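Dumped final.cif below, it's mmCIF, C-alpha atoms and all ligand atoms:
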data_run
loop_
_atom_site.label_atom_id
_atom_site.label_comp_id
_atom_site.auth_asym_id
_atom_site.auth_seq_id
_atom_site.Cartn_x
_atom_site.Cartn_y
_atom_site.Cartn_z
CA MET A 1 0.00 0.00 0.00
CA LYS A 2 1.18 3.51 -0.81
CA ILE A 3 0.34 6.67 1.08
CA HIS A 4 0.46 10.27 -0.07
CA GLU A 5 3.46 12.54 0.39
CA TYR A 6 1.66 14.67 2.99
CA GLN A 7 0.75 11.58 5.01
CA ALA A 8 4.30 10.24 4.84
CA LYS A 9 5.59 13.62 6.01
CA LEU A 10 3.24 13.60 9.00
CA LEU A 11 4.86 10.32 10.04
CA LEU A 12 8.35 11.76 9.56
CA LYS A 13 7.33 14.73 11.67
CA GLU A 14 6.24 12.36 14.45
CA TYR A 15 9.85 11.17 14.45
CA ASP A 16 11.18 14.72 14.65
CA ILE A 17 12.50 14.74 11.11
CA PRO A 18 12.36 18.29 9.71
CA ILE A 19 9.98 18.51 6.76
CA GLN A 20 8.77 21.00 4.21
CA ASP A 21 5.35 21.47 5.80
CA GLY A 22 1.99 22.57 4.49
CA TYR A 23 -1.73 21.97 4.24
CA VAL A 24 -3.86 19.86 1.93
CA ILE A 25 -6.95 21.05 0.09
CA GLU A 26 -9.52 19.00 -1.77
CA ASN A 27 -11.54 21.79 -3.34
CA ILE A 28 -10.56 25.04 -4.95
CA GLY A 29 -12.79 27.05 -2.62
CA ALA A 30 -10.29 26.47 0.17
CA ALA A 31 -7.25 27.51 -1.88
CA GLU A 32 -7.00 31.23 -1.22
CA GLU A 33 -7.38 30.93 2.53
CA THR A 34 -4.95 28.00 2.71
CA ILE A 35 -2.28 29.80 0.66
CA LEU A 36 -2.44 32.67 3.16
CA LYS A 37 -2.30 30.24 6.06
CA VAL A 38 0.86 28.63 4.69
CA LYS A 39 2.53 31.99 4.09
CA ASN A 40 1.74 33.22 7.59
CA LYS A 41 2.45 30.04 9.47
CA PHE A 42 5.80 29.32 7.83
CA LYS A 43 6.73 32.94 7.22
CA SER A 44 7.54 32.22 3.60
CA LYS A 45 6.75 34.62 0.78
CA ASP A 46 6.72 31.84 -1.81
CA VAL A 47 4.79 28.59 -1.75
CA VAL A 48 5.02 25.31 -3.63
CA VAL A 49 1.84 23.65 -4.90
CA LYS A 50 2.11 19.85 -5.12
CA ALA A 51 -0.26 17.28 -6.60
CA GLN A 52 -0.90 14.36 -4.24
CA ILE A 53 -1.01 11.11 -6.20
CA HIS A 54 0.38 7.66 -5.50
CA ALA A 55 3.28 8.07 -7.93
CA GLY A 56 6.54 9.96 -8.23
CA GLY A 57 7.89 12.07 -11.07
CA ARG A 58 5.26 14.72 -10.39
CA GLY A 59 7.73 17.57 -10.87
CA LYS A 60 8.57 16.63 -14.45
CA GLY A 61 4.91 15.85 -15.17
CA GLY A 62 3.77 19.37 -14.19
CA GLY A 63 2.35 18.42 -10.79
CA VAL A 64 4.77 20.49 -8.65
CA LYS A 65 4.86 24.27 -9.09
CA PHE A 66 6.98 26.88 -7.37
CA CYS A 67 4.82 29.98 -6.91
CA PRO A 68 6.44 33.34 -6.16
CA ASN A 69 3.15 35.06 -5.30
CA GLY A 70 -0.41 34.44 -4.17
CA ASP A 71 -2.06 34.83 -7.59
CA ASP A 72 0.39 32.39 -9.04
CA ALA A 73 -0.33 29.91 -6.26
CA LEU A 74 -4.09 30.18 -6.77
CA GLN A 75 -3.64 29.67 -10.51
CA SER A 76 -1.47 26.59 -9.89
CA CYS A 77 -4.08 25.12 -7.50
CA GLN A 78 -6.70 25.64 -10.20
CA ASN A 79 -4.52 23.98 -12.82
CA ILE A 80 -3.42 21.02 -10.73
CA LEU A 81 -6.53 20.15 -8.70
CA GLY A 82 -8.65 17.85 -10.87
CA MET A 83 -5.99 17.40 -13.54
CA ASN A 84 -5.11 14.00 -14.91
CA LEU A 85 -1.42 13.82 -14.06
CA ILE A 86 0.77 11.60 -16.20
CA THR A 87 4.28 10.77 -14.97
CA HIS A 88 6.69 7.97 -15.83
CA GLN A 89 5.34 6.17 -12.74
CA THR A 90 1.59 6.51 -13.39
CA GLY A 91 1.50 4.74 -16.72
CA PRO A 92 -0.06 6.31 -19.81
CA GLY A 93 -3.51 6.60 -18.18
CA GLY A 94 -2.26 8.99 -15.50
CA GLN A 95 -3.89 9.63 -12.11
CA LEU A 96 -6.63 12.07 -11.22
CA VAL A 97 -5.42 14.70 -8.73
CA GLN A 98 -7.97 14.94 -5.93
CA LYS A 99 -5.75 16.56 -3.35
CA VAL A 100 -3.27 19.40 -3.55
CA TYR A 101 -0.65 20.09 -0.91
CA ILE A 102 0.29 23.75 -0.45
CA THR A 103 3.70 23.95 1.18
CA GLN A 104 6.41 26.32 2.24
CA ALA A 105 9.15 26.97 -0.31
CA PHE A 106 12.89 26.78 0.29
CA ASP A 107 15.99 28.02 -1.43
CA MET A 108 17.94 24.85 -1.87
CA ALA A 109 21.73 24.65 -1.84
CA LYS A 110 22.03 20.86 -2.25
CA GLU A 111 19.69 17.96 -2.95
CA PHE A 112 20.28 14.43 -1.64
CA TYR A 113 18.64 11.04 -1.97
CA VAL A 114 18.12 8.88 1.13
CA GLY A 115 16.13 5.67 1.18
CA ILE A 116 15.61 2.41 3.05
CA THR A 117 14.08 -0.82 1.80
CA MET A 118 14.12 -4.52 2.56
CA ASP A 119 16.63 -6.56 0.62
CA ARG A 120 15.00 -9.95 0.28
CA THR A 121 18.11 -11.65 -1.08
CA THR A 122 20.12 -10.94 2.10
CA GLY A 123 17.23 -10.71 4.57
CA LYS A 124 18.65 -7.35 5.64
CA ASP A 125 17.50 -3.77 5.35
CA VAL A 126 19.44 -1.75 2.82
CA PHE A 127 19.95 1.95 3.53
CA MET A 128 21.08 4.01 0.52
CA VAL A 129 22.21 7.60 0.20
CA SER A 130 23.44 9.71 -2.68
CA THR A 131 24.59 13.25 -3.31
CA GLU A 132 22.63 13.03 -6.58
CA GLY A 133 19.25 13.92 -5.10
CA GLY A 134 16.23 15.22 -6.96
CA MET A 135 16.93 12.84 -9.85
CA GLU A 136 15.44 9.42 -10.39
CA ILE A 137 17.53 7.08 -8.30
CA GLU A 138 17.14 4.36 -10.96
CA GLU A 139 18.95 6.66 -13.40
CA VAL A 140 21.76 7.33 -10.92
CA ALA A 141 22.04 3.57 -10.36
CA LYS A 142 22.40 3.01 -14.08
CA GLU A 143 24.70 5.91 -15.04
CA THR A 144 26.84 6.46 -11.92
CA PRO A 145 26.31 3.57 -9.48
CA GLU A 146 29.42 4.63 -7.53
CA LYS A 147 27.46 7.67 -6.38
CA ILE A 148 25.10 5.53 -4.33
CA ILE A 149 26.44 4.55 -0.91
CA LYS A 150 24.76 1.51 0.65
CA VAL A 151 24.85 -0.28 3.98
CA TRP A 152 23.06 -3.50 4.83
CA ILE A 153 21.54 -3.53 8.31
CA ASP A 154 21.07 -6.84 10.07
CA PRO A 155 17.69 -6.59 11.83
CA LEU A 156 19.09 -8.48 14.83
CA GLU A 157 22.25 -6.38 15.19
CA GLY A 158 20.43 -3.12 14.47
CA PHE A 159 21.76 0.05 12.86
CA ARG A 160 25.44 0.25 13.90
CA SER A 161 27.12 3.61 14.49
CA PHE A 162 29.86 2.93 11.91
CA GLN A 163 27.13 2.32 9.32
CA LEU A 164 25.40 5.54 10.25
CA ALA A 165 28.70 7.43 9.96
CA LYS A 166 29.41 5.87 6.56
CA LEU A 167 26.05 7.06 5.22
CA ALA A 168 26.36 10.57 6.66
CA ARG A 169 29.90 10.89 5.26
CA GLY A 170 28.54 9.69 1.92
CA LEU A 171 26.51 12.88 1.75
CA ASN A 172 29.74 14.93 1.87
CA LEU A 173 28.54 17.08 4.74
CA GLU A 174 30.50 18.72 7.52
CA GLY A 175 29.91 20.37 10.88
CA SER A 176 26.34 21.21 11.75
CA GLN A 177 24.97 19.73 8.50
CA TYR A 178 26.72 16.41 9.18
CA LYS A 179 25.18 16.34 12.67
CA GLN A 180 21.71 17.14 11.35
CA ALA A 181 22.04 14.38 8.74
CA VAL A 182 23.13 11.84 11.37
CA LYS A 183 20.04 12.59 13.46
CA ILE A 184 17.73 12.38 10.46
CA LEU A 185 19.17 9.08 9.18
CA LYS A 186 18.97 7.56 12.65
CA LYS A 187 15.34 8.57 13.10
CA MET A 188 14.46 7.43 9.60
CA TYR A 189 15.56 3.91 10.46
CA VAL A 190 13.54 3.91 13.71
CA CYS A 191 10.48 5.09 11.77
CA PHE A 192 11.07 2.43 9.08
CA LYS A 193 11.17 -0.36 11.68
CA GLU A 194 8.42 0.84 14.03
CA LYS A 195 5.94 1.51 11.25
CA ASP A 196 6.77 -1.68 9.35
CA ILE A 197 7.56 0.23 6.18
CA SER A 198 8.72 -1.68 3.10
CA LEU A 199 10.11 1.37 1.29
CA LEU A 200 10.96 4.76 2.78
CA GLU A 201 12.45 7.36 0.46
CA ILE A 202 13.21 11.03 0.90
CA ASN A 203 14.10 12.47 -2.49
CA PRO A 204 15.13 15.15 -2.23
CA LEU A 205 16.44 15.69 1.26
CA VAL A 206 17.89 19.18 0.94
CA GLU A 207 20.35 21.54 2.51
CA THR A 208 18.74 24.96 2.38
CA ASP A 209 20.58 28.23 1.83
CA ASN A 210 20.38 28.68 5.62
CA GLY A 211 22.19 25.41 6.23
CA GLU A 212 19.18 23.44 7.43
CA ILE A 213 18.60 19.85 6.35
CA ILE A 214 14.95 19.25 5.42
CA ALA A 215 12.82 16.52 3.80
CA ILE A 216 11.17 18.06 0.73
CA ASP A 217 9.51 14.89 -0.55
CA ALA A 218 8.62 11.58 1.10
CA LYS A 219 7.51 8.23 -0.22
CA MET A 220 6.38 5.29 1.90
CA ASN A 221 5.12 1.85 0.90
CA PHE A 222 3.76 -0.68 3.36
CA ASP A 223 3.40 -4.42 3.12
CA SER A 224 -0.21 -5.45 3.28
CA ASN A 225 0.45 -7.42 6.45
CA ALA A 226 1.83 -4.30 8.19
CA LEU A 227 -1.50 -2.51 7.91
P1 LIG B 301 8.44 14.29 -7.38
O1 LIG B 301 9.52 13.45 -6.81
O2 LIG B 301 7.14 13.55 -7.46
O3 LIG B 301 8.80 14.91 -8.71
P2 LIG B 301 9.14 16.33 -5.40
O4 LIG B 301 8.41 16.64 -4.16
O5 LIG B 301 10.43 15.61 -5.24
O6 LIG B 301 8.14 15.52 -6.38
O7 LIG B 301 9.36 17.70 -6.17
C1 LIG B 301 10.06 17.77 -7.40
C2 LIG B 301 11.10 18.88 -7.37
O8 LIG B 301 10.46 20.13 -7.12
C3 LIG B 301 12.12 18.74 -6.26
O9 LIG B 301 13.19 17.87 -6.62
C4 LIG B 301 12.56 20.16 -6.06
O10 LIG B 301 13.61 20.49 -6.95
C5 LIG B 301 11.33 20.99 -6.41
N1 LIG B 301 10.68 21.42 -5.14
C6 LIG B 301 9.78 20.70 -4.46
N2 LIG B 301 9.45 21.33 -3.32
C7 LIG B 301 10.17 22.48 -3.27
C8 LIG B 301 10.28 23.57 -2.34
N3 LIG B 301 9.61 23.57 -1.20
N4 LIG B 301 11.08 24.60 -2.63
C9 LIG B 301 11.76 24.60 -3.77
N5 LIG B 301 11.71 23.61 -4.69
C10 LIG B 301 10.94 22.56 -4.45
MG MG B 302 10.70 13.51 -5.25
#
Any chance you could give the structure as structure tokens?
Ligand code: ADP
Ligand code: MG
Amino acid sequence: MKIHEYQAKLLLKEYDIPIQDGYVIENIGAAEETILKVKNKFKSKDVVVKAQIHAGGRGKGGGVKFCPNGDDALQSCQNILGMNLITHQTGPGGQLVQKVYITQAFDMAKEFYVGITMDRTTGKDVFMVSTEGGMEIEEVAKETPEKIIKVWIDPLEGFRSFQLAKLARGLNLEGSQYKQAVKILKKMYVCFKEKDISLLEINPLVETDNGEIIAIDAKMNFDSNAL
């Protein structure tokens, strides 16, 4: 089972992982008020309007829009809500957008990929990170596999500190950003185990211009027996 980005982010937030936050609307009548609410609550002048569907690749498909002002944001809500969004993950039929997530915007300095899944061949969890965030990880795996750092976590031994350090170093971060990344990766694994997640991806995890590390996107799949 898949859940929406905004639902996955609520879970991340429960685990104290910093997220790009916002509010969801299901009808256009609520747009104007919600755009204002996002601007005031997160003290951001810009907002990002994001289609909520059970598939990635929304950015390229026209389902994620950066909006530098309120009129722009309203227009994007109108365009995206109710649209049939086609991405490389939806198949040619696309998916109808019934929910739109209006979120705070960030100036991003760096984008990373971080993800955890179960590796059935080893019976371990595999935790992967890459400095090539924001792109399709399958493409990175094909073109530049050396840019994906992986560790295999034995469920009985747990997430070892040397493994955590290897992943955080793999993101090429230093100082405060390294420390923030360590905390986030650690909490991600706890969330993955406690919620019985089969795939947890944050792509991109970003470093903002202010040096904060924040989850901009989130994807979670669950096994049917974890429900
Ligand atoms: P998807 O993976 O479905 O395409 P994302 O949430 O990853 O959707 O958004 C796609 C891209 O849009 C991101 O990689 C990022 O570059 C840009 N983006 C998303 N949210 C923001 C934001 N809050 N501020 C600036 N850019 C953003
Ligand atoms: Mg993404």
(request) Report the distance between atom CA of Val24 of chain A and atom CA of Gln177 of chain A in Å, rounded to one decimal place. (result)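 Straight-line distance from atom CA of Val24 of chain A to atom CA of Gln177 of chain A works out to 29.6 Å.
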Within 10 Å of ligand LIG 301 (chain B) (counting all atoms listed in the file), which residues show up? I'd like them as a PDB file with C-alpha atoms, in the frame of the given file.
ATOM      1  CA  GLU A   5       3.460  12.540   0.390  1.00  0.00           C
ATOM      2  CA  ILE A  19       9.980  18.510   6.760  1.00  0.00           C
ATOM      3  CA  GLN A  20       8.770  21.000   4.210  1.00  0.00           C
ATOM      4  CA  ASP A  21       5.350  21.470   5.800  1.00  0.00           C
ATOM      5  CA  GLY A  22       1.990  22.570   4.490  1.00  0.00           C
ATOM      6  CA  ASP A  46       6.720  31.840  -1.810  1.00  0.00           C
ATOM      7  CA  VAL A  47       4.790  28.590  -1.750  1.00  0.00           C
ATOM      8  CA  VAL A  48       5.020  25.310  -3.630  1.00  0.00           C
ATOM      9  CA  VAL A  49       1.840  23.650  -4.900  1.00  0.00           C
ATOM     10  CA  LYS A  50       2.110  19.850  -5.120  1.00  0.00           C
ATOM     11  CA  ALA A  51      -0.260  17.280  -6.600  1.00  0.00           C
ATOM     12  CA  GLN A  52      -0.900  14.360  -4.240  1.00  0.00           C
ATOM     13  CA  ILE A  53      -1.010  11.110  -6.200  1.00  0.00           C
ATOM     14  CA  HIS A  54       0.380   7.660  -5.500  1.00  0.00           C
ATOM     15  CA  ALA A  55       3.280   8.070  -7.930  1.00  0.00           C
ATOM     16  CA  GLY A  56       6.540   9.960  -8.230  1.00  0.00           C
ATOM     17  CA  GLY A  57       7.890  12.070 -11.070  1.00  0.00           C
ATOM     18  CA  ARG A  58       5.260  14.720 -10.390  1.00  0.00           C
ATOM     19  CA  GLY A  59       7.730  17.570 -10.870  1.00  0.00           C
ATOM     20  CA  LYS A  60       8.570  16.630 -14.450  1.00  0.00           C
ATOM     21  CA  GLY A  61       4.910  15.850 -15.170  1.00  0.00           C
ATOM     22  CA  GLY A  62       3.770  19.370 -14.190  1.00  0.00           C
ATOM     23  CA  GLY A  63       2.350  18.420 -10.790  1.00  0.00           C
ATOM     24  CA  VAL A  64       4.770  20.490  -8.650  1.00  0.00           C
ATOM     25  CA  LYS A  65       4.860  24.270  -9.090  1.00  0.00           C
ATOM     26  CA  PHE A  66       6.980  26.880  -7.370  1.00  0.00           C
ATOM     27  CA  CYS A  67       4.820  29.980  -6.910  1.00  0.00           C
ATOM     28  CA  THR A  87       4.280  10.770 -14.970  1.00  0.00           C
ATOM     29  CA  GLN A  89       5.340   6.170 -12.740  1.00  0.00           C
ATOM     30  CA  ILE A 102       0.290  23.750  -0.450  1.00  0.00           C
ATOM     31  CA  THR A 103       3.700  23.950   1.180  1.00  0.00           C
ATOM     32  CA  GLN A 104       6.410  26.320   2.240  1.00  0.00           C
ATOM     33  CA  ALA A 105       9.150  26.970  -0.310  1.00  0.00           C
ATOM     34  CA  PHE A 106      12.890  26.780   0.290  1.00  0.00           C
ATOM     35  CA  ASP A 107      15.990  28.020  -1.430  1.00  0.00           C
ATOM     36  CA  MET A 108      17.940  24.850  -1.870  1.00  0.00           C
ATOM     37  CA  LYS A 110      22.030  20.860  -2.250  1.00  0.00           C
ATOM     38  CA  GLU A 111      19.690  17.960  -2.950  1.00  0.00           C
ATOM     39  CA  PHE A 112      20.280  14.430  -1.640  1.00  0.00           C
ATOM     40  CA  TYR A 113      18.640  11.040  -1.970  1.00  0.00           C
ATOM     41  CA  GLY A 133      19.250  13.920  -5.100  1.00  0.00           C
ATOM     42  CA  GLY A 134      16.230  15.220  -6.960  1.00  0.00           C
ATOM     43  CA  MET A 135      16.930  12.840  -9.850  1.00  0.00           C
ATOM     44  CA  GLU A 136      15.440   9.420 -10.390  1.00  0.00           C
ATOM     45  CA  GLU A 201      12.450   7.360   0.460  1.00  0.00           C
ATOM     46  CA  ILE A 202      13.210  11.030   0.900  1.00  0.00           C
ATOM     47  CA  ASN A 203      14.100  12.470  -2.490  1.00  0.00           C
ATOM     48  CA  PRO A 204      15.130  15.150  -2.230  1.00  0.00           C
ATOM     49  CA  LEU A 205      16.440  15.690   1.260  1.00  0.00           C
ATOM     50  CA  VAL A 206      17.890  19.180   0.940  1.00  0.00           C
ATOM     51  CA  THR A 208      18.740  24.960   2.380  1.00  0.00           C
ATOM     52  CA  ILE A 214      14.950  19.250   5.420  1.00  0.00           C
ATOM     53  CA  ALA A 215      12.820  16.520   3.800  1.00  0.00           C
ATOM     54  CA  ILE A 216      11.170  18.060   0.730  1.00  0.00           C
ATOM     55  CA  ASP A 217       9.510  14.890  -0.550  1.00  0.00           C
ATOM     56  CA  ALA A 218       8.620  11.580   1.100  1.00  0.00           C
ATOM     57  CA  LYS A 219       7.510   8.230  -0.220  1.00  0.00           C
TER      58      LYS A 219
END
(request) Tell me which protein, DNA and RNA residues are within 12 Å of segment 162-172 of chain A, counting all atoms listed in the file, leaving out same-chain ones fewer than 3 positions away, and put them as a ChimeraX atom specification. (result) /A:110-116,126-133,146-154,157-159,175-189,205-207,213
(request) Tell me, as number ranges by chain, which residues lie within 9 Å of Ala31 of chain A, counting only C-alpha atoms; anything in the same chain fewer than 2 positions away does not count. (result) A: 25-29, 33-36, 73-74, 77-78, 102
(message) Residues within 7 Å of Ile86 of chain A, please, as a ChimeraX atom specification. Count only C-alpha atoms; anything in the same chain fewer than 6 positions from it doesn't count.
(response) /A:61,92-95
(request) Between A:Leu96, A:Cys191, A:Ala30, A:Gly123, single out the one closest to Lys9 of chain A, counting all atoms listed in the file. (result)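 Of the candidates, the smallest distance to Lys9 of chain A is held by A:Cys191.
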(request) Between atom CA of Asn79 of chain A and atom CA of His4 of chain A, measure the distance and give it in Å to one decimal. (result)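 Atom-to-atom, atom CA of Asn79 of chain A to atom CA of His4 of chain A, that is 19.4 Å.
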Starting from 3 Å padding per side, set up an axis-aligned box that covers all listed atoms of segment 60-79 of chain A and hand over centre and edge lengths in Å, one decimal, as JSON.
{"center_x": 0.9, "center_y": 25.5, "center_z": -9.7, "size_x": 21.3, "size_y": 25.2, "size_z": 17.0}
(request) Can you work out which one of A:Lys124, A:Ile137, A:Asp71, A:Lys39 has the shortest atom-to-atom distance to ligand MG 302 (chain B), counting all atoms listed in the file? (result)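 Going through A:Lys124, A:Ile137, A:Asp71, A:Lys39 one by one, the smallest distance to ligand MG 302 (chain B) is for A:Ile137.
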(message) Could you check the closest approach to ligand MG 302 (chain B) for each of A:Tyr23, A:Gly82, A:Leu200, A:Gly211 and tell me which residue wins, using all atoms listed in the file?
(response)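 Ranking A:Tyr23, A:Gly82, A:Leu200, A:Gly211 by distance to ligand MG 302 (chain B), first place goes to A:Leu200.
One finds atom CA of Lys2 of chain A at 25.0 Å from atom CA of Lys142 of chain A.
With distances restricted to only C-alpha atoms and all ligand atoms, A:Met220 is the closest residue to ligand MG 302 (chain B) from A:Arg160, A:Met220, A:Glu212, A:Lys45.
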(request) Using all atoms listed in the file, pick whichever of A:Gly70, A:Ser224, A:Lys99, A:Leu81 has the shortest atom-to-atom distance to Gln7 of chain A. (result)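 Nearest candidate to Gln7 of chain A out of A:Gly70, A:Ser224, A:Lys99, A:Leu81: A:Lys99.
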Please output segment 97-116 of chain A, rebuilt to include N, CA, C and O atoms, as a PDB file, in the frame of the given file.
ATOM      1  N   VAL A  97      -5.889  14.015  -9.945  1.00  0.00           N
ATOM      2  CA  VAL A  97      -5.420  14.700  -8.730  1.00  0.00           C
ATOM      3  C   VAL A  97      -6.623  15.185  -7.928  1.00  0.00           C
ATOM      4  O   VAL A  97      -7.336  16.096  -8.343  1.00  0.00           O
ATOM      5  N   GLN A  98      -6.828  14.573  -6.763  1.00  0.00           N
ATOM      6  CA  GLN A  98      -7.970  14.940  -5.930  1.00  0.00           C
ATOM      7  C   GLN A  98      -7.568  15.747  -4.710  1.00  0.00           C
ATOM      8  O   GLN A  98      -8.411  16.274  -3.990  1.00  0.00           O
ATOM      9  N   LYS A  99      -6.247  15.798  -4.492  1.00  0.00           N
ATOM     10  CA  LYS A  99      -5.750  16.560  -3.350  1.00  0.00           C
ATOM     11  C   LYS A  99      -4.524  17.355  -3.781  1.00  0.00           C
ATOM     12  O   LYS A  99      -3.685  16.848  -4.539  1.00  0.00           O
ATOM     13  N   VAL A 100      -4.435  18.569  -3.269  1.00  0.00           N
ATOM     14  CA  VAL A 100      -3.270  19.400  -3.550  1.00  0.00           C
ATOM     15  C   VAL A 100      -2.691  19.851  -2.215  1.00  0.00           C
ATOM     16  O   VAL A 100      -3.411  20.216  -1.290  1.00  0.00           O
ATOM     17  N   TYR A 101      -1.379  19.776  -2.143  1.00  0.00           N
ATOM     18  CA  TYR A 101      -0.650  20.090  -0.910  1.00  0.00           C
ATOM     19  C   TYR A 101       0.028  21.450  -1.137  1.00  0.00           C
ATOM     20  O   TYR A 101       0.800  21.605  -2.093  1.00  0.00           O
ATOM     21  N   ILE A 102      -0.308  22.416  -0.314  1.00  0.00           N
ATOM     22  CA  ILE A 102       0.290  23.750  -0.450  1.00  0.00           C
ATOM     23  C   ILE A 102       1.347  23.876   0.642  1.00  0.00           C
ATOM     24  O   ILE A 102       1.034  23.771   1.829  1.00  0.00           O
ATOM     25  N   THR A 103       2.593  24.055   0.216  1.00  0.00           N
ATOM     26  CA  THR A 103       3.700  23.950   1.180  1.00  0.00           C
ATOM     27  C   THR A 103       4.612  25.170   1.146  1.00  0.00           C
ATOM     28  O   THR A 103       4.602  25.949   0.194  1.00  0.00           O
ATOM     29  N   GLN A 104       5.409  25.269   2.180  1.00  0.00           N
ATOM     30  CA  GLN A 104       6.410  26.320   2.240  1.00  0.00           C
ATOM     31  C   GLN A 104       7.481  26.056   1.173  1.00  0.00           C
ATOM     32  O   GLN A 104       7.727  24.911   0.796  1.00  0.00           O
ATOM     33  N   ALA A 105       8.096  27.108   0.698  1.00  0.00           N
ATOM     34  CA  ALA A 105       9.150  26.970  -0.310  1.00  0.00           C
ATOM     35  C   ALA A 105      10.511  27.188   0.345  1.00  0.00           C
ATOM     36  O   ALA A 105      10.612  27.863   1.362  1.00  0.00           O
ATOM     37  N   PHE A 106      11.536  26.598  -0.236  1.00  0.00           N
ATOM     38  CA  PHE A 106      12.890  26.780   0.290  1.00  0.00           C
ATOM     39  C   PHE A 106      13.846  27.118  -0.832  1.00  0.00           C
ATOM     40  O   PHE A 106      13.660  26.664  -1.964  1.00  0.00           O
ATOM     41  N   ASP A 107      14.885  27.866  -0.497  1.00  0.00           N
ATOM     42  CA  ASP A 107      15.990  28.020  -1.430  1.00  0.00           C
ATOM     43  C   ASP A 107      16.957  26.894  -1.136  1.00  0.00           C
ATOM     44  O   ASP A 107      17.472  26.790  -0.025  1.00  0.00           O
ATOM     45  N   MET A 108      17.184  26.060  -2.112  1.00  0.00           N
ATOM     46  CA  MET A 108      17.940  24.850  -1.870  1.00  0.00           C
ATOM     47  C   MET A 108      19.375  24.981  -2.349  1.00  0.00           C
ATOM     48  O   MET A 108      19.617  25.398  -3.475  1.00  0.00           O
ATOM     49  N   ALA A 109      20.322  24.615  -1.469  1.00  0.00           N
ATOM     50  CA  ALA A 109      21.730  24.650  -1.840  1.00  0.00           C
ATOM     51  C   ALA A 109      22.155  23.306  -2.416  1.00  0.00           C
ATOM     52  O   ALA A 109      22.913  23.242  -3.380  1.00  0.00           O
ATOM     53  N   LYS A 110      21.665  22.210  -1.793  1.00  0.00           N
ATOM     54  CA  LYS A 110      22.030  20.860  -2.250  1.00  0.00           C
ATOM     55  C   LYS A 110      20.845  19.931  -2.120  1.00  0.00           C
ATOM     56  O   LYS A 110      20.031  20.093  -1.215  1.00  0.00           O
ATOM     57  N   GLU A 111      20.756  18.962  -3.017  1.00  0.00           N
ATOM     58  CA  GLU A 111      19.690  17.960  -2.950  1.00  0.00           C
ATOM     59  C   GLU A 111      20.312  16.570  -2.822  1.00  0.00           C
ATOM     60  O   GLU A 111      21.216  16.224  -3.579  1.00  0.00           O
ATOM     61  N   PHE A 112      19.781  15.796  -1.875  1.00  0.00           N
ATOM     62  CA  PHE A 112      20.280  14.430  -1.640  1.00  0.00           C
ATOM     63  C   PHE A 112      19.161  13.416  -1.813  1.00  0.00           C
ATOM     64  O   PHE A 112      17.979  13.753  -1.714  1.00  0.00           O
ATOM     65  N   TYR A 113      19.577  12.169  -2.006  1.00  0.00           N
ATOM     66  CA  TYR A 113      18.640  11.040  -1.970  1.00  0.00           C
ATOM     67  C   TYR A 113      18.954  10.226  -0.727  1.00  0.00           C
ATOM     68  O   TYR A 113      20.120   9.931  -0.459  1.00  0.00           O
ATOM     69  N   VAL A 114      17.940   9.850   0.034  1.00  0.00           N
ATOM     70  CA  VAL A 114      18.120   8.880   1.130  1.00  0.00           C
ATOM     71  C   VAL A 114      16.935   7.917   1.111  1.00  0.00           C
ATOM     72  O   VAL A 114      15.792   8.332   0.944  1.00  0.00           O
ATOM     73  N   GLY A 115      17.222   6.641   1.237  1.00  0.00           N
ATOM     74  CA  GLY A 115      16.130   5.670   1.180  1.00  0.00           C
ATOM     75  C   GLY A 115      16.475   4.360   1.863  1.00  0.00           C
ATOM     76  O   GLY A 115      17.638   3.963   1.941  1.00  0.00           O
ATOM     77  N   ILE A 116      15.426   3.715   2.392  1.00  0.00           N
ATOM     78  CA  ILE A 116      15.610   2.410   3.050  1.00  0.00           C
ATOM     79  C   ILE A 116      14.585   1.437   2.472  1.00  0.00           C
ATOM     80  O   ILE A 116      13.413   1.793   2.308  1.00  0.00           O
TER      81      ILE A 116
END
